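The next block is target-v4.cif, given as mmCIF, C-alpha atoms and all ligand atoms.
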```cif
data_coords
#
loop_
_atom_site.label_atom_id
_atom_site.label_comp_id
_atom_site.auth_asym_id
_atom_site.auth_seq_id
_atom_site.Cartn_x
_atom_site.Cartn_y
_atom_site.Cartn_z
CA MET A 1 52.01 -39.48 125.63
CA ALA A 2 51.87 -42.82 127.47
CA GLU A 3 52.70 -42.61 131.17
CA LYS A 4 55.61 -45.03 130.82
CA THR A 5 57.20 -42.85 128.13
CA ILE A 6 56.77 -39.71 130.24
CA ASN A 7 58.33 -41.44 133.25
CA ARG A 8 61.29 -42.59 131.16
CA GLU A 9 61.83 -39.07 129.85
CA LEU A 10 61.82 -37.74 133.40
CA ALA A 11 64.28 -40.43 134.50
CA ASN A 12 66.48 -39.40 131.61
CA VAL A 13 67.09 -36.07 133.41
CA ILE A 14 69.34 -38.08 135.75
CA ASN A 15 71.16 -39.64 132.82
CA VAL A 16 71.84 -36.26 131.22
CA ARG A 17 73.42 -34.99 134.45
CA LEU A 18 75.25 -38.17 135.33
CA ASN A 19 78.92 -37.54 136.00
CA ARG A 20 81.47 -39.06 138.41
CA GLN A 21 80.40 -36.85 141.26
CA LEU A 22 76.69 -37.61 140.92
CA LEU A 23 77.40 -41.34 140.55
CA TYR A 24 79.49 -41.18 143.73
CA TYR A 25 76.65 -39.49 145.64
CA ILE A 26 74.16 -42.05 144.29
CA ASP A 27 76.37 -45.06 145.11
CA ILE A 28 78.04 -44.27 148.38
CA CYS A 29 75.29 -43.58 150.95
CA THR A 30 75.46 -46.27 153.66
CA ARG A 31 72.25 -45.11 155.37
CA CYS A 32 74.20 -44.51 158.54
CA GLY A 33 71.77 -41.72 159.47
CA LEU A 34 74.42 -39.27 160.66
CA CYS A 35 72.88 -36.53 158.53
CA LYS A 36 69.59 -36.86 160.42
CA ASP A 37 70.65 -34.78 163.40
CA ALA A 38 72.36 -32.21 161.16
CA CYS A 39 69.25 -31.00 159.34
CA HIS A 40 67.28 -28.33 161.21
CA GLN A 41 64.16 -29.31 159.28
CA TYR A 42 64.26 -32.96 160.27
CA VAL A 43 65.22 -32.11 163.85
CA ALA A 44 62.28 -29.67 164.16
CA THR A 45 59.65 -31.86 162.50
CA GLY A 46 60.79 -35.49 162.93
CA ASP A 47 59.27 -35.99 159.46
CA VAL A 48 61.24 -38.50 157.39
CA THR A 49 60.50 -36.47 154.25
CA TYR A 50 63.03 -33.93 155.50
CA LEU A 51 65.75 -36.39 156.39
CA PRO A 52 68.65 -35.50 154.04
CA ALA A 53 69.40 -39.11 153.06
CA TYR A 54 65.73 -39.72 152.32
CA ARG A 55 65.48 -36.63 150.08
CA ALA A 56 68.38 -37.97 148.03
CA GLU A 57 66.96 -41.49 148.17
CA LEU A 58 64.02 -40.46 145.98
CA ILE A 59 66.40 -39.69 143.13
CA ARG A 60 68.44 -42.80 143.89
CA ARG A 61 65.34 -44.98 143.54
CA VAL A 62 64.52 -43.60 140.09
CA TYR A 63 68.14 -44.14 139.07
CA LYS A 64 68.02 -47.75 140.29
CA LYS A 65 64.80 -48.46 138.40
CA TYR A 66 66.02 -47.13 135.06
CA PHE A 67 69.78 -47.39 135.00
CA THR A 68 70.64 -50.66 136.77
CA ARG A 69 70.14 -54.17 135.42
CA THR A 70 68.27 -55.43 138.52
CA GLY A 71 66.13 -52.31 138.55
CA ARG A 72 65.03 -52.85 134.96
CA PHE A 73 63.81 -56.40 135.60
CA MET A 74 63.05 -56.57 139.33
CA PRO A 75 62.89 -52.99 140.66
CA SER A 76 61.21 -54.00 143.91
CA LEU A 77 64.33 -55.92 144.92
CA ILE A 78 66.35 -52.71 145.12
CA GLU A 79 63.53 -50.26 145.84
CA GLY A 80 63.53 -48.89 142.29
CA ARG A 81 60.70 -46.43 141.61
CA GLU A 82 59.11 -44.71 138.64
CA PRO A 83 58.89 -40.89 138.73
CA ASP A 84 55.08 -41.10 138.89
CA ASP A 85 52.76 -38.46 140.37
CA ARG A 86 53.22 -39.76 143.91
CA LEU A 87 56.98 -39.60 143.71
CA LEU A 88 56.91 -36.16 142.10
CA ASP A 89 54.61 -34.84 144.83
CA GLU A 90 57.02 -36.11 147.46
CA LEU A 91 59.97 -34.77 145.54
CA TYR A 92 58.40 -31.30 145.32
CA ARG A 93 57.74 -31.17 149.04
CA THR A 94 61.20 -32.29 150.06
CA THR A 95 63.20 -30.47 147.37
CA TYR A 96 61.81 -26.94 147.50
CA ALA A 97 61.87 -27.07 151.32
CA CYS A 98 65.65 -27.62 151.45
CA THR A 99 67.47 -24.39 152.31
CA GLY A 100 70.69 -25.52 150.64
CA CYS A 101 72.55 -24.99 153.90
CA ARG A 102 74.79 -28.07 153.39
CA ARG A 103 75.00 -28.80 157.11
CA CYS A 104 74.15 -32.41 156.26
CA MET A 105 77.14 -32.56 153.92
CA TYR A 106 79.43 -31.35 156.68
CA TYR A 107 78.33 -34.18 159.00
CA CYS A 108 78.13 -36.94 156.37
CA PRO A 109 81.24 -39.19 156.59
CA PHE A 110 81.30 -39.30 152.77
CA SER A 111 80.53 -35.60 152.26
CA ILE A 112 77.46 -36.41 150.20
CA ASP A 113 76.09 -33.14 148.88
CA THR A 114 72.32 -33.55 149.23
CA THR A 115 71.77 -30.22 147.51
CA TRP A 116 73.55 -31.55 144.40
CA LEU A 117 71.12 -34.46 144.22
CA LEU A 118 68.24 -32.08 144.86
CA GLY A 119 69.48 -30.00 141.92
CA VAL A 120 68.75 -33.08 139.79
CA ALA A 121 65.38 -33.41 141.52
CA LYS A 122 64.52 -29.80 140.64
CA ALA A 123 65.51 -30.41 137.02
CA MET A 124 63.19 -33.42 136.98
CA LEU A 125 60.34 -31.40 138.49
CA LEU A 126 60.88 -28.65 135.92
CA GLU A 127 60.85 -31.22 133.11
CA ALA A 128 57.52 -32.43 134.48
CA GLY A 129 56.21 -28.83 134.53
CA ARG A 130 56.13 -28.83 138.32
CA GLY A 131 58.61 -26.10 139.24
CA SER A 132 57.70 -23.75 142.10
CA PRO A 133 55.15 -21.24 140.65
CA ILE A 134 56.30 -18.38 142.91
CA LEU A 135 59.99 -18.83 142.14
CA THR A 136 59.12 -19.10 138.44
CA GLU A 137 57.22 -15.83 138.64
CA LEU A 138 60.01 -14.00 140.49
CA ALA A 139 62.65 -15.32 138.08
CA GLY A 140 60.48 -14.26 135.13
CA ALA A 141 60.15 -10.73 136.54
CA ALA A 142 63.96 -10.45 136.77
CA VAL A 143 64.36 -11.57 133.15
CA MET A 144 61.68 -9.11 132.05
CA LYS A 145 63.54 -6.27 133.79
CA GLY A 146 66.73 -7.28 132.01
CA GLU A 147 64.98 -7.19 128.63
CA ASN A 148 63.31 -3.83 129.28
CA ILE A 149 65.83 -1.95 131.38
CA ASP A 150 65.27 1.31 129.46
CA LEU A 151 61.68 1.37 130.75
CA PHE A 152 62.90 1.06 134.34
CA LYS A 153 65.92 3.37 134.21
CA ASP A 154 64.17 6.70 134.89
CA VAL A 155 62.30 5.29 137.89
CA ILE A 156 65.53 3.85 139.31
CA LEU A 157 67.45 7.10 138.84
CA GLU A 158 64.61 9.14 140.36
CA SER A 159 64.41 6.92 143.43
CA LEU A 160 68.17 7.20 143.94
CA LYS A 161 68.00 11.00 144.29
CA ASP A 162 66.54 10.81 147.82
CA THR A 163 69.04 8.13 148.82
CA GLU A 164 71.86 10.28 147.51
CA LYS A 165 70.64 13.19 149.65
CA GLU A 166 70.69 10.90 152.68
CA VAL A 167 74.27 9.91 151.88
CA GLN A 168 75.19 13.59 151.71
CA GLN A 169 73.55 14.27 155.08
CA ILE A 170 75.20 11.28 156.77
CA THR A 171 78.66 12.00 155.38
CA GLY A 172 78.33 15.78 155.70
CA ASP A 173 79.57 16.09 152.13
CA ALA A 174 77.22 17.73 149.61
CA SER A 175 79.26 16.28 146.74
CA ALA A 176 78.72 12.64 147.80
CA GLN A 177 77.16 10.64 144.97
CA ILE A 178 75.62 7.34 144.05
CA PRO A 179 77.19 6.88 140.61
CA VAL A 180 75.24 4.89 138.02
CA GLU A 181 76.48 3.63 134.63
CA LYS A 182 79.95 5.05 135.21
CA THR A 183 82.24 3.60 132.55
CA GLY A 184 85.68 2.57 133.75
CA ALA A 185 84.82 2.61 137.47
CA GLN A 186 86.97 0.29 139.52
CA ALA A 187 84.01 -1.58 141.02
CA MET A 188 80.34 -2.13 140.26
CA TYR A 189 78.21 -2.72 143.34
CA VAL A 190 75.15 -4.94 142.88
CA ALA A 191 72.51 -4.21 145.53
CA LEU A 192 69.25 -5.93 146.42
CA ALA A 193 65.72 -4.58 146.06
CA GLY A 194 65.34 -1.62 148.42
CA THR A 195 67.57 1.32 149.26
CA HIS A 196 68.52 -0.25 152.62
CA THR A 197 71.16 -2.20 150.72
CA ILE A 198 72.42 0.89 148.85
CA LEU A 199 72.57 3.62 151.51
CA PRO A 200 75.08 2.04 153.97
CA VAL A 201 77.34 0.90 151.15
CA ALA A 202 77.30 4.34 149.51
CA VAL A 203 78.34 5.83 152.87
CA ILE A 204 81.14 3.27 153.32
CA PHE A 205 82.44 3.68 149.75
CA HIS A 206 82.35 7.47 150.13
CA HIS A 207 84.48 7.23 153.26
CA ALA A 208 86.87 4.88 151.47
CA ARG A 209 87.01 7.15 148.40
CA LEU A 210 86.27 4.08 146.28
CA ASP A 211 85.78 4.56 142.56
CA TRP A 212 82.47 2.73 142.08
CA THR A 213 79.21 2.58 140.20
CA LEU A 214 75.85 1.08 141.11
CA SER A 215 74.35 -1.70 138.99
CA LEU A 216 70.86 -1.16 137.61
CA PHE A 217 70.01 -4.75 138.57
CA GLU A 218 69.47 -6.64 141.80
CA ALA A 219 71.78 -9.41 142.93
CA ALA A 220 69.04 -11.92 143.90
CA ASN A 221 68.65 -14.85 141.52
CA TYR A 222 65.38 -16.77 141.82
CA GLY A 223 66.29 -18.89 138.80
CA TYR A 224 68.95 -20.50 141.01
CA PHE A 225 66.42 -21.31 143.76
CA LEU A 226 64.03 -22.63 141.14
CA GLY A 227 66.75 -25.01 139.95
CA ASP A 228 66.67 -23.76 136.37
CA ASN A 229 70.33 -23.18 135.52
CA LYS A 230 69.53 -21.67 132.13
CA LEU A 231 67.19 -19.12 133.67
CA ALA A 232 69.66 -18.47 136.51
CA LYS A 233 72.37 -17.75 133.95
CA THR A 234 70.06 -15.38 132.01
CA ILE A 235 69.40 -13.46 135.24
CA ALA A 236 73.11 -13.33 136.06
CA ASP A 237 73.88 -12.32 132.44
CA ARG A 238 72.23 -8.95 133.06
CA ILE A 239 74.88 -8.12 135.66
CA VAL A 240 77.75 -9.65 133.71
CA ASP A 241 76.82 -7.77 130.54
CA GLU A 242 76.52 -4.49 132.45
CA ALA A 243 79.92 -5.01 134.11
CA LYS A 244 81.51 -5.79 130.74
CA ARG A 245 79.89 -2.75 129.12
CA LEU A 246 81.13 -0.47 131.90
CA GLN A 247 84.57 -2.13 131.84
CA VAL A 248 84.79 -2.41 135.61
CA THR A 249 87.56 -4.50 137.12
CA GLN A 250 85.49 -5.84 139.95
CA ILE A 251 81.89 -6.52 140.88
CA ILE A 252 80.85 -6.41 144.52
CA LEU A 253 77.72 -8.29 145.50
CA SER A 254 75.54 -7.12 148.34
CA GLU A 255 74.80 -9.18 151.46
CA CYS A 256 73.10 -11.97 149.56
CA GLY A 257 74.56 -15.43 150.09
CA HIS A 258 73.11 -17.21 147.07
CA ALA A 259 73.86 -14.33 144.67
CA TYR A 260 77.51 -14.57 145.68
CA ARG A 261 77.46 -18.34 145.18
CA VAL A 262 75.96 -18.00 141.70
CA MET A 263 78.45 -15.39 140.51
CA LYS A 264 81.55 -16.66 142.27
CA PHE A 265 81.23 -20.43 141.96
CA LEU A 266 78.68 -21.31 139.27
CA TYR A 267 78.51 -18.69 136.53
CA GLU A 268 81.77 -19.46 134.73
CA ALA A 269 80.86 -23.16 134.42
CA TRP A 270 77.41 -22.28 133.08
CA ALA A 271 78.76 -19.71 130.62
CA LYS A 272 81.89 -21.70 129.74
CA GLU A 273 83.88 -18.48 129.88
CA LYS A 274 86.25 -16.79 132.30
CA LEU A 275 84.83 -13.57 133.66
CA PRO A 276 86.95 -10.52 132.79
CA PHE A 277 86.46 -9.03 136.26
CA GLU A 278 86.88 -10.10 139.85
CA VAL A 279 83.83 -11.21 141.87
CA LYS A 280 83.71 -10.12 145.51
CA GLY A 281 81.16 -10.02 148.29
CA ILE A 282 80.61 -6.86 150.32
CA VAL A 283 81.68 -8.73 153.48
CA GLU A 284 85.22 -9.30 152.24
CA VAL A 285 85.39 -5.81 150.72
CA MET A 286 84.44 -4.11 154.01
CA HIS A 287 87.02 -6.24 155.80
CA GLU A 288 89.69 -5.26 153.25
CA LEU A 289 88.81 -1.57 153.58
CA VAL A 290 89.28 -1.75 157.34
CA GLU A 291 92.49 -3.78 157.09
CA SER A 292 93.98 -1.37 154.56
CA GLY A 293 93.04 1.63 156.73
CA LYS A 294 90.76 3.12 154.06
CA ILE A 295 87.94 3.17 156.60
CA LYS A 296 88.22 3.22 160.37
CA LEU A 297 85.71 1.84 162.86
CA LYS A 298 84.75 3.29 166.24
CA LYS A 299 86.14 0.71 168.63
CA ASP A 300 83.84 -0.82 171.26
CA SER A 301 81.08 1.65 170.48
CA ILE A 302 78.17 -0.76 171.03
CA ALA A 303 77.47 -1.49 174.70
CA GLU A 304 74.66 -4.02 174.22
CA ALA A 305 75.49 -7.71 173.83
CA VAL A 306 75.99 -8.61 170.16
CA THR A 307 76.08 -11.99 168.43
CA TYR A 308 76.75 -13.06 164.86
CA HIS A 309 74.76 -15.51 162.74
CA ASP A 310 76.86 -17.24 160.03
CA PRO A 311 74.74 -17.33 156.85
CA CYS A 312 75.25 -20.78 155.33
CA GLN A 313 76.20 -19.35 151.94
CA VAL A 314 78.67 -16.86 153.42
CA GLY A 315 80.18 -19.19 156.03
CA ARG A 316 79.96 -22.93 155.38
CA ASN A 317 79.64 -22.58 151.60
CA ALA A 318 82.06 -19.71 150.94
CA GLY A 319 84.45 -19.79 153.90
CA PHE A 320 83.99 -16.28 155.33
CA TYR A 321 84.02 -16.83 159.09
CA GLU A 322 86.67 -14.51 160.51
CA GLU A 323 86.27 -11.47 158.23
CA PRO A 324 82.73 -10.59 159.36
CA ARG A 325 83.52 -11.50 162.97
CA SER A 326 86.48 -9.15 163.07
CA LEU A 327 84.20 -6.26 161.99
CA VAL A 328 81.50 -7.09 164.51
CA LYS A 329 83.99 -7.61 167.34
CA ALA A 330 85.76 -4.33 166.56
CA VAL A 331 82.68 -2.24 167.33
CA SER A 332 81.21 -4.40 170.11
CA ARG A 333 82.12 -4.21 173.77
CA ASP A 334 80.23 -7.42 174.58
CA TYR A 335 80.51 -9.92 171.71
CA ARG A 336 79.00 -13.34 172.32
CA GLU A 337 79.48 -16.36 170.09
CA MET A 338 76.61 -18.72 169.25
CA THR A 339 77.21 -22.41 169.88
CA PRO A 340 77.84 -24.21 167.60
CA ASN A 341 79.20 -21.72 165.10
CA ARG A 342 81.19 -21.33 161.89
CA GLU A 343 81.03 -24.55 159.78
CA LYS A 344 78.78 -26.21 162.37
CA ASN A 345 76.36 -23.31 162.64
CA TRP A 346 72.66 -24.12 162.48
CA CYS A 347 70.83 -22.82 159.41
CA CYS A 348 68.27 -20.13 160.36
CA GLY A 349 65.72 -21.89 158.14
CA GLY A 350 65.18 -19.11 155.61
CA GLY A 351 67.49 -20.01 152.72
CA GLY A 352 66.92 -21.75 149.40
CA GLY A 353 64.05 -19.46 148.39
CA VAL A 354 61.93 -20.65 151.32
CA VAL A 355 61.30 -17.09 152.56
CA ALA A 356 59.74 -16.24 149.20
CA GLU A 357 57.08 -18.97 149.55
CA PRO A 358 54.14 -17.74 151.71
CA ALA A 359 52.82 -21.32 151.87
CA MET A 360 55.97 -22.27 153.76
CA ASP A 361 55.78 -19.54 156.42
CA GLU A 362 54.60 -21.81 159.22
CA PHE A 363 57.09 -24.54 158.31
CA ARG A 364 60.09 -22.22 158.10
CA LEU A 365 59.32 -20.57 161.43
CA LYS A 366 58.94 -23.98 163.04
CA THR A 367 62.20 -25.20 161.53
CA GLY A 368 64.05 -22.12 162.82
CA MET A 369 63.81 -23.46 166.37
CA LYS A 370 67.48 -24.44 166.58
CA LYS A 371 68.43 -20.87 165.69
CA VAL A 372 66.01 -19.52 168.28
CA GLU A 373 67.63 -21.73 170.95
CA GLN A 374 71.09 -20.55 169.89
CA ILE A 375 70.17 -16.86 170.02
CA ARG A 376 68.43 -17.21 173.39
CA ALA A 377 71.47 -18.98 174.85
CA THR A 378 73.72 -16.02 173.99
CA GLY A 379 71.48 -13.49 175.74
CA ALA A 380 72.47 -11.04 172.98
CA ARG A 381 70.23 -8.08 172.15
CA ILE A 382 71.65 -7.51 168.66
CA VAL A 383 72.05 -10.22 166.00
CA VAL A 384 74.20 -9.33 163.01
CA SER A 385 73.99 -11.31 159.79
CA PRO A 386 75.23 -10.45 156.28
CA CYS A 387 72.45 -12.14 154.28
CA GLU A 388 69.07 -10.65 153.38
CA ASN A 389 67.28 -14.02 153.45
CA CYS A 390 68.69 -14.80 156.92
CA ARG A 391 67.59 -11.40 158.18
CA LEU A 392 64.04 -11.89 156.85
CA GLN A 393 63.90 -15.24 158.63
CA LEU A 394 65.43 -13.81 161.82
CA ASP A 395 62.80 -11.04 161.74
CA GLY A 396 60.10 -13.71 161.57
CA LEU A 397 61.66 -15.72 164.40
CA ASN A 398 62.03 -12.56 166.49
CA GLU A 399 58.34 -11.81 166.16
CA LYS A 400 57.03 -15.34 166.59
CA TYR A 401 59.18 -16.31 169.55
CA ASN A 402 59.39 -12.87 171.24
CA LEU A 403 63.17 -12.82 171.14
CA ASN A 404 63.27 -9.08 171.72
CA ILE A 405 66.35 -8.63 169.57
CA LYS A 406 67.44 -6.13 166.96
CA ILE A 407 68.58 -7.65 163.68
CA SER A 408 71.25 -5.78 161.78
CA SER A 409 73.07 -6.15 158.51
CA LEU A 410 76.85 -6.01 158.62
CA MET A 411 76.73 -3.10 156.16
CA ASP A 412 74.61 -1.05 158.59
CA LEU A 413 76.82 -1.99 161.51
CA VAL A 414 79.91 -0.78 159.65
CA ALA A 415 78.29 2.35 158.17
CA ASP A 416 76.88 3.39 161.56
CA ASN A 417 80.27 3.04 163.25
CA LEU A 418 82.63 4.79 160.87
CA VAL A 419 85.18 7.26 162.16
CA ALA A 420 84.75 10.49 160.18
CA GLN A 421 87.53 10.98 157.61
CA LYS A 422 89.50 14.20 157.66
S1 LIG B 501 75.31 -39.21 156.63
FE1 LIG B 501 75.84 -39.51 154.47
S2 LIG B 501 76.12 -41.73 154.27
FE2 LIG B 501 75.05 -41.42 156.21
S3 LIG B 501 72.84 -41.58 155.67
FE3 LIG B 501 73.36 -39.42 155.55
S4 LIG B 501 73.90 -39.09 153.37
FE4 LIG B 501 73.97 -41.33 153.75
S1 LIG B 502 71.10 -28.82 152.86
FE1 LIG B 502 70.32 -28.17 154.91
S2 LIG B 502 68.08 -28.12 154.68
FE2 LIG B 502 68.89 -29.30 152.94
S3 LIG B 502 68.81 -31.42 153.62
FE3 LIG B 502 70.88 -30.69 154.11
S4 LIG B 502 70.73 -29.93 156.24
FE4 LIG B 502 68.62 -30.15 155.48
#
```

Taking this structure as input, can you express it in the form of structure tokens?
Ligand code: SF4
Ligand code: SF4
Amino acid sequence: MAEKTINRELANVINVRLNRQLLYYIDICTRCGLCKDACHQYVATGDVTYLPAYRAELIRRVYKKYFTRTGRFMPSLIEGREPDDRLLDELYRTTYACTGCRRCMYYCPFSIDTTWLLGVAKAMLLEAGRGSPILTELAGAAVMKGENIDLFKDVILESLKDTEKEVQQITGDASAQIPVEKTGAQAMYVALAGTHTILPVAVIFHHARLDWTLSLFEAANYGYFLGDNKLAKTIADRIVDEAKRLQVTQIILSECGHAYRVMKFLYEAWAKEKLPFEVKGIVEVMHELVESGKIKLKKDSIAEAVTYHDPCQVGRNAGFYEEPRSLVKAVSRDYREMTPNREKNWCCGGGGGVVAEPAMDEFRLKTGMKKVEQIRATGARIVVSPCENCRLQLDGLNEKYNLNIKISSLMDLVADNLVAQK
């Protein structure tokens, strides 16, 4: 196919997604540059490629070239560009590096959502056959598991036996269980890969006497990071179908910021259906269990200084600031806040699928510098964060910059500090 035709087809990806919101984001940027100091990646590198407004500008330029009158006849007048190889290379670099933290949106006077525009960029890259190979592979593996779950079931059930024994030891109750495929359970918990996301929750739910069942699938959704909404929906479908089959009234997602975002805010629009169950994150559930008195925490039991890192998808993008803090503060004698925090918190640098890309290791550790400065300034020895991607990044930062900290999930913090039930 002629290059011009290919370029037009790629530009058409913008047209297909064009709605009022996208048009607003394309039109309104005044190039004021306020987003520049908000992005940890631009601040750490000084590379214009990572400036939020510039990332969006690449899409804007293609739009101007193909969908404005001046762009069609004199594109150079308004910086219109074709989506040629050079532009696609640049787009790949800038788009798959973005962690989706939305700090730039918070500081933009017009609330331009760069990640929305980069969603269009990812769709264009996918159309050009240039999606991230690693994210494609990970998403494909999740789909394959969904299609062949019967082949995996025995291995999953076998591996849960040891975890169940650990739950029994910790709770001192030989009847404690990790229920799987329990029809009619009140809640279905969706963990991540690895029993470290199952064990603490099983202990907490046992203490709370919660009627629950464990999903056979993991919460992580690499189709979302890849930018392929169809694939992301297929991956989420596995969980939705299981929850429907088991007739649960609630699903509870593990400490995984993007998985919560997919299921809570995006899935219904993709599927064009209302989910017949409630979607909750484990952070809010643990908070509710404490508030309702179903579990009790050992007050002030941790003597070392503790701080809390707001995961972007749990805090800025979902609004859970006080719930996790109240849990951390309850068990800490010396709680120290990072500055800035809550909606202004710096991204750790590990979101958006970046931790899954080995080629980005050096870049992501470099762009975590703002987080390193924040942690150092607190003097805390324990950093708590309820997101697996954040914790992987914090582990990397800890090692590279000798922070000498312990990184904990909120689930572990709660499970380790439960008052034994009578
Ligand atoms: S802050 Fe908003 S308006 Fe200003 S340059 Fe950045 S995206 Fe454009
Ligand atoms: S969402 Fe975060 S990483 Fe992406 S451009 Fe905005 S500030 Fe930078």

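Each of A:Cys108, A:Met360, A:Cys256, A:Leu392 was compared to ligand LIG 501 (chain B) using all atoms listed in the file, and A:Cys108 turns out to be the nearest.
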
For Thr183 in chain A: contacts at 12 Å, all atoms listed in the file, fewer than 3 positions along chain excluded, given as a list of chain:residue names: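 Selected residues are A:Pro179, A:Val180, A:Gln186, A:Ala187, A:Met188, A:Asp211, A:Trp212, A:Thr213, A:Leu214, A:Ser215, A:Glu242, A:Ala243, A:Lys244, A:Arg245, A:Leu246, A:Gln247, A:Val248, A:Thr249.
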
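The binding environment of ligand LIG 501 (chain B), defined as every protein, DNA or RNA residue with an atom no more than 8 Å away and counting all atoms listed in the file, comprises Ile28, Cys29, Thr30, Arg31, Cys32, Gly33, Leu34, Cys35, Lys36, Pro52, Ala53, Ala56, Cys104, Met105, Tyr107, Cys108, Pro109, Phe110, Ser111, Ile112, Asp113 and Thr114 of chain A.
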
When you draw a straight line from CA of Ala380 in chain A to CA of Ala303 in chain A, how long is it in Å?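 For CA of Ala380 in chain A relative to CA of Ala303 in chain A, the distance reads 10.9 Å.
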
Please find the residues contacting ligand LIG 502 (chain B) at a distance of at most 10 Å between atoms, with all atoms listed in the file counted, and report them as number ranges by chain. A: 35-43, 49-56, 94-108, 112-116, 118, 312, 346-352, 367

Between A:Val384, A:Ile178, A:Ile204, A:Val120, single out the one closest to Val419 in chain A, counting all atoms listed in the file.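 Looking at the shortest contact to Val419 in chain A, the residue is A:Ile204.
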
Report, in Å with one decimal, the straight-line distance from CA of Ala44 in chain A to CA of Asp361 in chain A.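 Value for the CA of Ala44 in chain A-CA of Asp361 in chain A distance: 14.3 Å.
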
Do you have the CA of Arg342 in chain A-CA of Val314 in chain A distance handy?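 Calculated distance between CA of Arg342 in chain A and CA of Val314 in chain A is 9.9 Å.
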
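Shortest separation to Gly368 in chain A among A:Leu58, A:Val355, A:Val290, A:Leu117 occurs at residue A:Val355, atoms counted being all atoms listed in the file.
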
Quick one: residues within 10 Å of Tyr66 in chain A, only C-alpha atoms counted, chain neighbours fewer than 2 positions away excluded, as a PyMOL selection string? chain A and resi 7-8+11-12+14-15+61-64+68-73+75+80-82

Give the answer as one residue: which of A:Ala259, A:Met124, A:Val16, A:Ala185 has the shortest atom-to-atom distance to Tyr224 in chain A, using all atoms listed in the file?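 When distances to Tyr224 in chain A are compared using all atoms listed in the file, the smallest one comes from A:Ala259.
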
When you look at Ala141 in chain A with a cut-off of 12 Å (counting only C-alpha atoms), what residues show up, excluding the ones that are within fewer than 6 positions of it in the same chain? I need them as a PyMOL selection string. chain A and resi 134-135+147-149+217-218+220-223+231+234-235

Using all atoms listed in the file, find the one residue out of A:Glu362, A:Asp416, A:Glu373, A:Glu357 that sits nearest to Met338 in chain A.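 Residue with the minimum atom-to-atom distance to Met338 in chain A: A:Glu373.
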
Which residue out of A:Pro276, A:Asn417, A:Leu253, A:Glu291 has the minimum interatomic distance to Pro386 in chain A when only C-alpha atoms are used? A:Leu253

Give me the residues near Asp310 in chain A as a PyMOL selection string, where near means some atom within 12 Å (using all atoms listed in the file) and where sequence neighbours in that chain fewer than 6 positions away do not count. chain A and resi 101+255+257+283+316-325+337-348+371+374+383-387+390-391+409-410

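The list of residues with at least one atom within 10 Å of Leu216 in chain A, based on all atoms listed in the file and without residues fewer than 5 positions apart in the same chain, reads Lys145, Gly146, Ile149, Phe152, Lys153, Ile156, Leu157, Val180, Glu181, Met188, Tyr189, Val190, Ala191, Arg238, Ile239 and Glu242 of chain A.
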
Since the input lacks atoms, please generate N, CA and C atoms for range 240-250 of chain A and provide them as a PDB file, in the coordinates of the input.
```
ATOM      1  N   VAL A 240      76.473  -9.430 134.404  1.00  0.00           N
ATOM      2  CA  VAL A 240      77.750  -9.650 133.710  1.00  0.00           C
ATOM      3  C   VAL A 240      77.866  -8.717 132.501  1.00  0.00           C
ATOM      4  N   ASP A 241      76.795  -8.625 131.732  1.00  0.00           N
ATOM      5  CA  ASP A 241      76.820  -7.770 130.540  1.00  0.00           C
ATOM      6  C   ASP A 241      77.027  -6.305 130.913  1.00  0.00           C
ATOM      7  N   GLU A 242      76.376  -5.883 131.997  1.00  0.00           N
ATOM      8  CA  GLU A 242      76.520  -4.490 132.450  1.00  0.00           C
ATOM      9  C   GLU A 242      77.974  -4.224 132.888  1.00  0.00           C
ATOM     10  N   ALA A 243      78.533  -5.181 133.630  1.00  0.00           N
ATOM     11  CA  ALA A 243      79.920  -5.010 134.110  1.00  0.00           C
ATOM     12  C   ALA A 243      80.898  -4.962 132.938  1.00  0.00           C
ATOM     13  N   LYS A 244      80.634  -5.793 131.926  1.00  0.00           N
ATOM     14  CA  LYS A 244      81.510  -5.790 130.740  1.00  0.00           C
ATOM     15  C   LYS A 244      81.376  -4.468 129.995  1.00  0.00           C
ATOM     16  N   ARG A 245      80.135  -4.015 129.849  1.00  0.00           N
ATOM     17  CA  ARG A 245      79.890  -2.750 129.120  1.00  0.00           C
ATOM     18  C   ARG A 245      80.572  -1.584 129.820  1.00  0.00           C
ATOM     19  N   LEU A 246      80.539  -1.595 131.148  1.00  0.00           N
ATOM     20  CA  LEU A 246      81.130  -0.470 131.900  1.00  0.00           C
ATOM     21  C   LEU A 246      82.634  -0.670 132.142  1.00  0.00           C
ATOM     22  N   GLN A 247      83.125  -1.821 131.731  1.00  0.00           N
ATOM     23  CA  GLN A 247      84.570  -2.130 131.840  1.00  0.00           C
ATOM     24  C   GLN A 247      85.092  -1.983 133.270  1.00  0.00           C
ATOM     25  N   VAL A 248      84.318  -2.450 134.223  1.00  0.00           N
ATOM     26  CA  VAL A 248      84.790  -2.410 135.610  1.00  0.00           C
ATOM     27  C   VAL A 248      85.757  -3.564 135.854  1.00  0.00           C
ATOM     28  N   THR A 249      86.594  -3.418 136.862  1.00  0.00           N
ATOM     29  CA  THR A 249      87.560  -4.500 137.120  1.00  0.00           C
ATOM     30  C   THR A 249      87.071  -5.441 138.220  1.00  0.00           C
ATOM     31  N   GLN A 250      85.962  -5.055 138.818  1.00  0.00           N
ATOM     32  CA  GLN A 250      85.490  -5.840 139.950  1.00  0.00           C
ATOM     33  C   GLN A 250      83.969  -5.664 140.100  1.00  0.00           C
TER      34      GLN A 250
END
```
